[in-house]
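Novice: Pasting in a structure now, in structure tokens, and then I'll have a few things to ask.
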Amino acid sequence: MHTDLVAALDIGGTKIAGALVDGRGRILARSQRPTPARENGDTVMGAVEAVLAELTASPLWAGVSAVGIGSAGPVDASAGTVSPVNVPGWRDFPLVRRVREATGGLPVELIGDGVAITAAEHWQGAARGHDNALCMVVSTGVGGGLVLGGRLHPGPTGNAGHIGHISVDLDGDPCPCGARGCVERIASGPNIARRALENGWTPGPDGDTSAAAVAAAARAGDPVAVASFERAAQALAAGIAATATLVEIDIAVIGGGVAKSGEVLLAPLRKALTDYATLSFVQRLVVTPARMGTDAGLVGAAAAALARQADAATV
Ligand SMILES: [Zn+2]
């Protein structure tokens, strides 16, 4: 029997994924439901419970010692509640208590999705072996998390490292979060596409106006598409440099759909970093693509649950 087996939940605006994960990060069972994101809170919870019911029916369940949850944010790990922007039925929703009830009273560890991906990259991906790292996701939004002193640093509420809402443009456009000029307002996929369209980029015959389409145009040399990615890269570089200067990270890992654009984003990002990461102790900062795939959220949630188990064992 696995004594180091945990259950993991990855809760996002489109899907709720669950898995049983062992101490080496292997997924031994999995379950998934679409997120009924426009429904009321109990209906959304019903989808979580359906995922958990499939996992608890597994013959392996008897060995599960804890549950880790990585959720779209904001989360409040100290209160055990979540309020995901894209799931309006959940506001201060007591997810930790409800999951504990659905799993027979197991300990439950809650972190934000950016922090979960960071845990996964540190455990098994591009940040492995790095004691001080920033991991980020650049897609529809921009999120992230921190590893400091060799340990995940979720912060008191589980949201630390949320680089998407650092302001890098003091008088910039209003951000849905309430601030101005946030990294996300400039560097997220939808904002890259919006800026390209505003500046005269014309989509191809298929009418695709996604950031991936802008990336393809940039690769083909379209100057407006290139400029939109350069602006996004500049915002990301300023945010990364600020983080590095503040807490001395030596690697920044970038994943998410927009990062799949590859060098279209990374080349101008590395160049912009030389403008912003200037002090001696941040000049060696490395920017690298994420290595974990679509299971990163699950693996990271499992890592958080396992780390809590290890901490409890040493107290
Ligand atoms: Zn913001």
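Going through the structure tokens in order, the chains are called A, B, and so on, while each chain numbers its residues from 1 and the ligands are numbered from 1 in the order shown.
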What's around segment 69-77 of chain A at 6 Å? Count only C-alpha atoms, leave out sequence neighbours fewer than 3 positions away in its own chain, and write the answer as a PDB file with all heavy atoms, in the first residue's frame.
Specialist:
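Output contents, as saved in around17.pdb:
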ATOM      1  N   ALA A   8      -5.451  15.060  -5.221  1.00  0.00           N
ATOM      2  CA  ALA A   8      -5.211  16.427  -5.690  1.00  0.00           C
ATOM      3  C   ALA A   8      -6.405  16.901  -6.494  1.00  0.00           C
ATOM      4  O   ALA A   8      -7.010  16.128  -7.239  1.00  0.00           O
ATOM      5  CB  ALA A   8      -3.952  16.466  -6.555  1.00  0.00           C
ATOM      6  N   LEU A   9      -6.745  18.176  -6.303  1.00  0.00           N
ATOM      7  CA  LEU A   9      -7.809  18.804  -7.098  1.00  0.00           C
ATOM      8  C   LEU A   9      -7.240  20.045  -7.772  1.00  0.00           C
ATOM      9  O   LEU A   9      -6.525  20.830  -7.138  1.00  0.00           O
ATOM     10  CB  LEU A   9      -8.979  19.233  -6.199  1.00  0.00           C
ATOM     11  CG  LEU A   9      -9.867  18.140  -5.618  1.00  0.00           C
ATOM     12  CD1 LEU A   9     -10.827  18.752  -4.598  1.00  0.00           C
ATOM     13  CD2 LEU A   9     -10.644  17.414  -6.719  1.00  0.00           C
ATOM     14  N   ASP A  10      -7.551  20.198  -9.050  1.00  0.00           N
ATOM     15  CA  ASP A  10      -7.156  21.386  -9.810  1.00  0.00           C
ATOM     16  C   ASP A  10      -8.452  22.020 -10.299  1.00  0.00           C
ATOM     17  O   ASP A  10      -9.133  21.468 -11.162  1.00  0.00           O
ATOM     18  CB  ASP A  10      -6.259  20.968 -10.975  1.00  0.00           C
ATOM     19  CG  ASP A  10      -5.873  22.137 -11.874  1.00  0.00           C
ATOM     20  OD1 ASP A  10      -6.020  23.295 -11.444  1.00  0.00           O
ATOM     21  OD2 ASP A  10      -5.419  21.889 -13.008  1.00  0.00           O
ATOM     22  N   ILE A  11      -8.814  23.160  -9.702  1.00  0.00           N
ATOM     23  CA  ILE A  11     -10.115  23.768  -9.969  1.00  0.00           C
ATOM     24  C   ILE A  11      -9.947  25.054 -10.763  1.00  0.00           C
ATOM     25  O   ILE A  11      -9.322  26.014 -10.299  1.00  0.00           O
ATOM     26  CB  ILE A  11     -10.859  24.041  -8.637  1.00  0.00           C
ATOM     27  CG1 ILE A  11     -11.069  22.696  -7.909  1.00  0.00           C
ATOM     28  CG2 ILE A  11     -12.189  24.745  -8.899  1.00  0.00           C
ATOM     29  CD1 ILE A  11     -11.757  22.811  -6.584  1.00  0.00           C
ATOM     30  N   GLY A  12     -10.488  25.050 -11.973  1.00  0.00           N
ATOM     31  CA  GLY A  12     -10.393  26.224 -12.836  1.00  0.00           C
ATOM     32  C   GLY A  12     -11.757  26.610 -13.361  1.00  0.00           C
ATOM     33  O   GLY A  12     -12.767  25.974 -13.048  1.00  0.00           O
ATOM     34  N   GLY A  80      -9.810  29.126   4.416  1.00  0.00           N
ATOM     35  CA  GLY A  80     -10.265  27.912   3.740  1.00  0.00           C
ATOM     36  C   GLY A  80     -11.327  28.187   2.683  1.00  0.00           C
ATOM     37  O   GLY A  80     -12.111  27.307   2.343  1.00  0.00           O
ATOM     38  N   THR A  81     -11.328  29.428   2.152  1.00  0.00           N
ATOM     39  CA  THR A  81     -12.371  29.811   1.192  1.00  0.00           C
ATOM     40  C   THR A  81     -11.768  30.205  -0.152  1.00  0.00           C
ATOM     41  O   THR A  81     -10.582  30.545  -0.252  1.00  0.00           O
ATOM     42  CB  THR A  81     -13.181  31.007   1.727  1.00  0.00           C
ATOM     43  OG1 THR A  81     -12.289  32.103   1.945  1.00  0.00           O
ATOM     44  CG2 THR A  81     -13.885  30.662   3.029  1.00  0.00           C
ATOM     45  N   VAL A  82     -12.619  30.153  -1.178  1.00  0.00           N
ATOM     46  CA  VAL A  82     -12.188  30.566  -2.517  1.00  0.00           C
ATOM     47  C   VAL A  82     -13.246  31.504  -3.117  1.00  0.00           C
ATOM     48  O   VAL A  82     -14.428  31.391  -2.814  1.00  0.00           O
ATOM     49  CB  VAL A  82     -11.980  29.363  -3.460  1.00  0.00           C
ATOM     50  CG1 VAL A  82     -10.892  28.429  -2.928  1.00  0.00           C
ATOM     51  CG2 VAL A  82     -13.278  28.584  -3.673  1.00  0.00           C
ATOM     52  N   SER A  83     -12.777  32.409  -3.989  1.00  0.00           N
ATOM     53  CA  SER A  83     -13.667  33.349  -4.691  1.00  0.00           C
ATOM     54  C   SER A  83     -13.190  33.509  -6.135  1.00  0.00           C
ATOM     55  O   SER A  83     -12.851  34.610  -6.566  1.00  0.00           O
ATOM     56  CB  SER A  83     -13.647  34.721  -4.004  1.00  0.00           C
ATOM     57  OG  SER A  83     -13.848  34.614  -2.610  1.00  0.00           O
ATOM     58  N   PRO A  84     -13.153  32.418  -6.917  1.00  0.00           N
ATOM     59  CA  PRO A  84     -12.563  32.516  -8.263  1.00  0.00           C
ATOM     60  C   PRO A  84     -13.303  33.527  -9.134  1.00  0.00           C
ATOM     61  O   PRO A  84     -14.537  33.507  -9.202  1.00  0.00           O
ATOM     62  CB  PRO A  84     -12.745  31.103  -8.842  1.00  0.00           C
ATOM     63  CG  PRO A  84     -13.005  30.218  -7.670  1.00  0.00           C
ATOM     64  CD  PRO A  84     -13.666  31.081  -6.644  1.00  0.00           C
ATOM     65  N   LEU A 110      -5.007  24.089   0.844  1.00  0.00           N
ATOM     66  CA  LEU A 110      -5.493  24.918  -0.265  1.00  0.00           C
ATOM     67  C   LEU A 110      -4.433  25.932  -0.682  1.00  0.00           C
ATOM     68  O   LEU A 110      -3.861  26.618   0.163  1.00  0.00           O
ATOM     69  CB  LEU A 110      -6.763  25.672   0.179  1.00  0.00           C
ATOM     70  CG  LEU A 110      -7.289  26.773  -0.746  1.00  0.00           C
ATOM     71  CD1 LEU A 110      -7.794  26.211  -2.075  1.00  0.00           C
ATOM     72  CD2 LEU A 110      -8.392  27.575  -0.038  1.00  0.00           C
ATOM     73  N   ILE A 111      -4.174  26.006  -1.995  1.00  0.00           N
ATOM     74  CA  ILE A 111      -3.285  27.046  -2.534  1.00  0.00           C
ATOM     75  C   ILE A 111      -3.900  27.583  -3.829  1.00  0.00           C
ATOM     76  O   ILE A 111      -4.766  26.938  -4.428  1.00  0.00           O
ATOM     77  CB  ILE A 111      -1.845  26.531  -2.812  1.00  0.00           C
ATOM     78  CG1 ILE A 111      -1.874  25.251  -3.664  1.00  0.00           C
ATOM     79  CG2 ILE A 111      -1.089  26.306  -1.527  1.00  0.00           C
ATOM     80  CD1 ILE A 111      -0.491  24.716  -4.023  1.00  0.00           C
ATOM     81  N   GLY A 112      -3.435  28.747  -4.270  1.00  0.00           N
ATOM     82  CA  GLY A 112      -3.880  29.305  -5.538  1.00  0.00           C
ATOM     83  C   GLY A 112      -3.294  28.521  -6.707  1.00  0.00           C
ATOM     84  O   GLY A 112      -2.289  27.818  -6.556  1.00  0.00           O
ATOM     85  N   ASP A 113      -3.914  28.655  -7.895  1.00  0.00           N
ATOM     86  CA  ASP A 113      -3.443  27.841  -9.026  1.00  0.00           C
ATOM     87  C   ASP A 113      -2.025  28.217  -9.476  1.00  0.00           C
ATOM     88  O   ASP A 113      -1.258  27.340  -9.873  1.00  0.00           O
ATOM     89  CB  ASP A 113      -4.451  27.878 -10.186  1.00  0.00           C
ATOM     90  CG  ASP A 113      -4.880  29.280 -10.592  1.00  0.00           C
ATOM     91  OD1 ASP A 113      -4.352  30.266 -10.037  1.00  0.00           O
ATOM     92  OD2 ASP A 113      -5.740  29.381 -11.478  1.00  0.00           O
ATOM     93  N   ALA A 116       0.247  26.513  -7.189  1.00  0.00           N
ATOM     94  CA  ALA A 116       0.275  25.067  -7.456  1.00  0.00           C
ATOM     95  C   ALA A 116       1.218  24.752  -8.621  1.00  0.00           C
ATOM     96  O   ALA A 116       2.026  23.811  -8.555  1.00  0.00           O
ATOM     97  CB  ALA A 116      -1.135  24.561  -7.771  1.00  0.00           C
ATOM     98  N   THR A 157      -2.382  33.758   2.686  1.00  0.00           N
ATOM     99  CA  THR A 157      -3.662  33.407   2.075  1.00  0.00           C
ATOM    100  C   THR A 157      -3.520  32.496   0.867  1.00  0.00           C
ATOM    101  O   THR A 157      -4.514  32.120   0.247  1.00  0.00           O
ATOM    102  CB  THR A 157      -4.445  34.671   1.644  1.00  0.00           C
ATOM    103  OG1 THR A 157      -3.717  35.330   0.597  1.00  0.00           O
ATOM    104  CG2 THR A 157      -4.668  35.619   2.813  1.00  0.00           C
ATOM    105  N   GLY A 158      -2.272  32.133   0.495  1.00  0.00           N
ATOM    106  CA  GLY A 158      -2.080  31.216  -0.628  1.00  0.00           C
ATOM    107  C   GLY A 158      -1.983  31.884  -1.977  1.00  0.00           C
ATOM    108  O   GLY A 158      -2.115  31.217  -3.004  1.00  0.00           O
ATOM    109  N   ALA A 301      -0.690  20.651  -6.578  1.00  0.00           N
ATOM    110  CA  ALA A 301      -1.598  20.523  -5.425  1.00  0.00           C
ATOM    111  C   ALA A 301      -1.178  19.334  -4.574  1.00  0.00           C
ATOM    112  O   ALA A 301      -1.199  19.394  -3.336  1.00  0.00           O
ATOM    113  CB  ALA A 301      -3.038  20.361  -5.911  1.00  0.00           C
TER     114      ALA A 301
END
Novice: Please tabulate, as JSON lines, the residues of chain A that come within 7 Å of ligand 1, each with its closest pair of atoms and the distance in Å to one decimal, counting only C-alpha atoms and all ligand atoms and ordering rows by chain, then residue number upward.
Specialist:
{"residue": "A:Gly164", "atom": "CA", "partner": "ligand 1", "partner_atom_place_in_ligand_line": "1 (Zn)", "distance": 6.6}
{"residue": "A:His165", "atom": "CA", "partner": "ligand 1", "partner_atom_place_in_ligand_line": "1 (Zn)", "distance": 4.0}
{"residue": "A:Ile166", "atom": "CA", "partner": "ligand 1", "partner_atom_place_in_ligand_line": "1 (Zn)", "distance": 6.8}
{"residue": "A:Cys175", "atom": "CA", "partner": "ligand 1", "partner_atom_place_in_ligand_line": "1 (Zn)", "distance": 4.6}
{"residue": "A:Pro176", "atom": "CA", "partner": "ligand 1", "partner_atom_place_in_ligand_line": "1 (Zn)", "distance": 6.0}
{"residue": "A:Cys177", "atom": "CA", "partner": "ligand 1", "partner_atom_place_in_ligand_line": "1 (Zn)", "distance": 4.3}
{"residue": "A:Gly178", "atom": "CA", "partner": "ligand 1", "partner_atom_place_in_ligand_line": "1 (Zn)", "distance": 6.2}
{"residue": "A:Ala179", "atom": "CA", "partner": "ligand 1", "partner_atom_place_in_ligand_line": "1 (Zn)", "distance": 5.2}
{"residue": "A:Arg180", "atom": "CA", "partner": "ligand 1", "partner_atom_place_in_ligand_line": "1 (Zn)", "distance": 6.5}
{"residue": "A:Cys182", "atom": "CA", "partner": "ligand 1", "partner_atom_place_in_ligand_line": "1 (Zn)", "distance": 4.6}
{"residue": "A:Glu184", "atom": "CA", "partner": "ligand 1", "partner_atom_place_in_ligand_line": "1 (Zn)", "distance": 6.4}
{"residue": "A:Arg185", "atom": "CA", "partner": "ligand 1", "partner_atom_place_in_ligand_line": "1 (Zn)", "distance": 6.7}
Novice: Please provide as a list in words all residues within 7 Å of Pro190 of chain A, with the sequence filter that same-chain residues fewer than 5 positions apart are discarded (counting only C-alpha atoms).
Specialist: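 So the residues in contact are Thr140, Ser210 and Ala211 of chain A.
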Novice: Determine which residues of segment 155-246 of chain A receive a DSSP assignment of helix (DSSP H, G or I), computed from the backbone, and state them as a PyMOL selection string.
Specialist: chain A and resi 163-165+183-187+189-198+211-219+223-246
Novice: Output as JSON lines one row per residue of segment 199-255 of chain A within 7 Å of segment 131-136 of chain A: the closest atom pair and its distance in Å to one decimal place, counting only C-alpha atoms, sorted by chain and residue number ascending.
Specialist:
{"residue": "A:Glu248", "atom": "CA", "partner": "A:Asn132", "partner_atom": "CA", "distance": 7.0}
{"residue": "A:Ile249", "atom": "CA", "partner": "A:Asn132", "partner_atom": "CA", "distance": 4.6}
{"residue": "A:Asp250", "atom": "CA", "partner": "A:Asn132", "partner_atom": "CA", "distance": 6.0}
{"residue": "A:Ile251", "atom": "CA", "partner": "A:Ala133", "partner_atom": "CA", "distance": 5.1}
{"residue": "A:Ala252", "atom": "CA", "partner": "A:Leu134", "partner_atom": "CA", "distance": 4.8}
{"residue": "A:Val253", "atom": "CA", "partner": "A:Cys135", "partner_atom": "CA", "distance": 4.6}
{"residue": "A:Ile254", "atom": "CA", "partner": "A:Met136", "partner_atom": "CA", "distance": 5.0}
{"residue": "A:Gly255", "atom": "CA", "partner": "A:Met136", "partner_atom": "CA", "distance": 6.1}
Novice: Could you check the closest approach to Ala216 of chain A for each of A:Gly239, A:Gly262, A:Gly172, A:Gly105 and tell me which residue wins, using only C-alpha atoms?
Specialist: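 Of A:Gly239, A:Gly262, A:Gly172, A:Gly105, the one nearest Ala216 of chain A is A:Gly262, counting only C-alpha atoms.
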Novice: Counting only C-alpha atoms, figure out which residue out of A:Ile27, A:Ala307, A:Leu106, A:Ala259 gets nearest to Val137 of chain A.
Specialist: A:Ala259
Novice: Smallest atom-to-atom distance to Thr118 of chain A: which of A:Val287, A:Val64, A:Met292, A:Leu306, using only C-alpha atoms?
Specialist: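 Residue with the minimum atom-to-atom distance to Thr118 of chain A: A:Met292.
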Novice: For each of A:Ala127, A:Leu273, A:Val183, A:Val108, take the minimum atom-to-atom distance to Thr288 of chain A, counting only C-alpha atoms, then give the residue where this is smallest.
Specialist: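 Checking each of A:Ala127, A:Leu273, A:Val183, A:Val108 against Thr288 of chain A, counting only C-alpha atoms, the winner is A:Ala127.
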Novice: Just checking: using only C-alpha atoms, which residue out of A:Gly18, A:Gly297, A:Pro107, A:Pro36 ends up closest to Val67 of chain A?
Specialist: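 Smallest distance to Val67 of chain A is found for A:Pro107.
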Novice: Point out the residue among A:Ala57, A:Ala233, A:Val226, A:Val44 with the least atom-to-atom distance to Ser188 of chain A, counting only C-alpha atoms.
Specialist: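 Looking only at the distances to Ser188 of chain A, the closest residue turns out to be A:Ala233.
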Novice: Could you tell me, as a list in words, which residues of segment 219-281 of chain A DSSP assigns to strand (DSSP E) when given the backbone?
Specialist: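 These are the residues in question: Ile251, Ala252, Val253, Ile254 and Gly255 of chain A.
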Novice: One decimal, in Å: what's the spacing between atom CA of Arg26 of chain A and atom CA of Thr294 of chain A?
Specialist: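 These atoms are spaced 13.7 Å apart.
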Novice: Please provide the set of residues having any atom within 7 Å of Gly13 of chain A, restricted to only C-alpha atoms, with same-chain residues fewer than 2 positions apart removed, written as a VMD selection string.
Specialist: chain A and resid 15 35 37 86 to 87
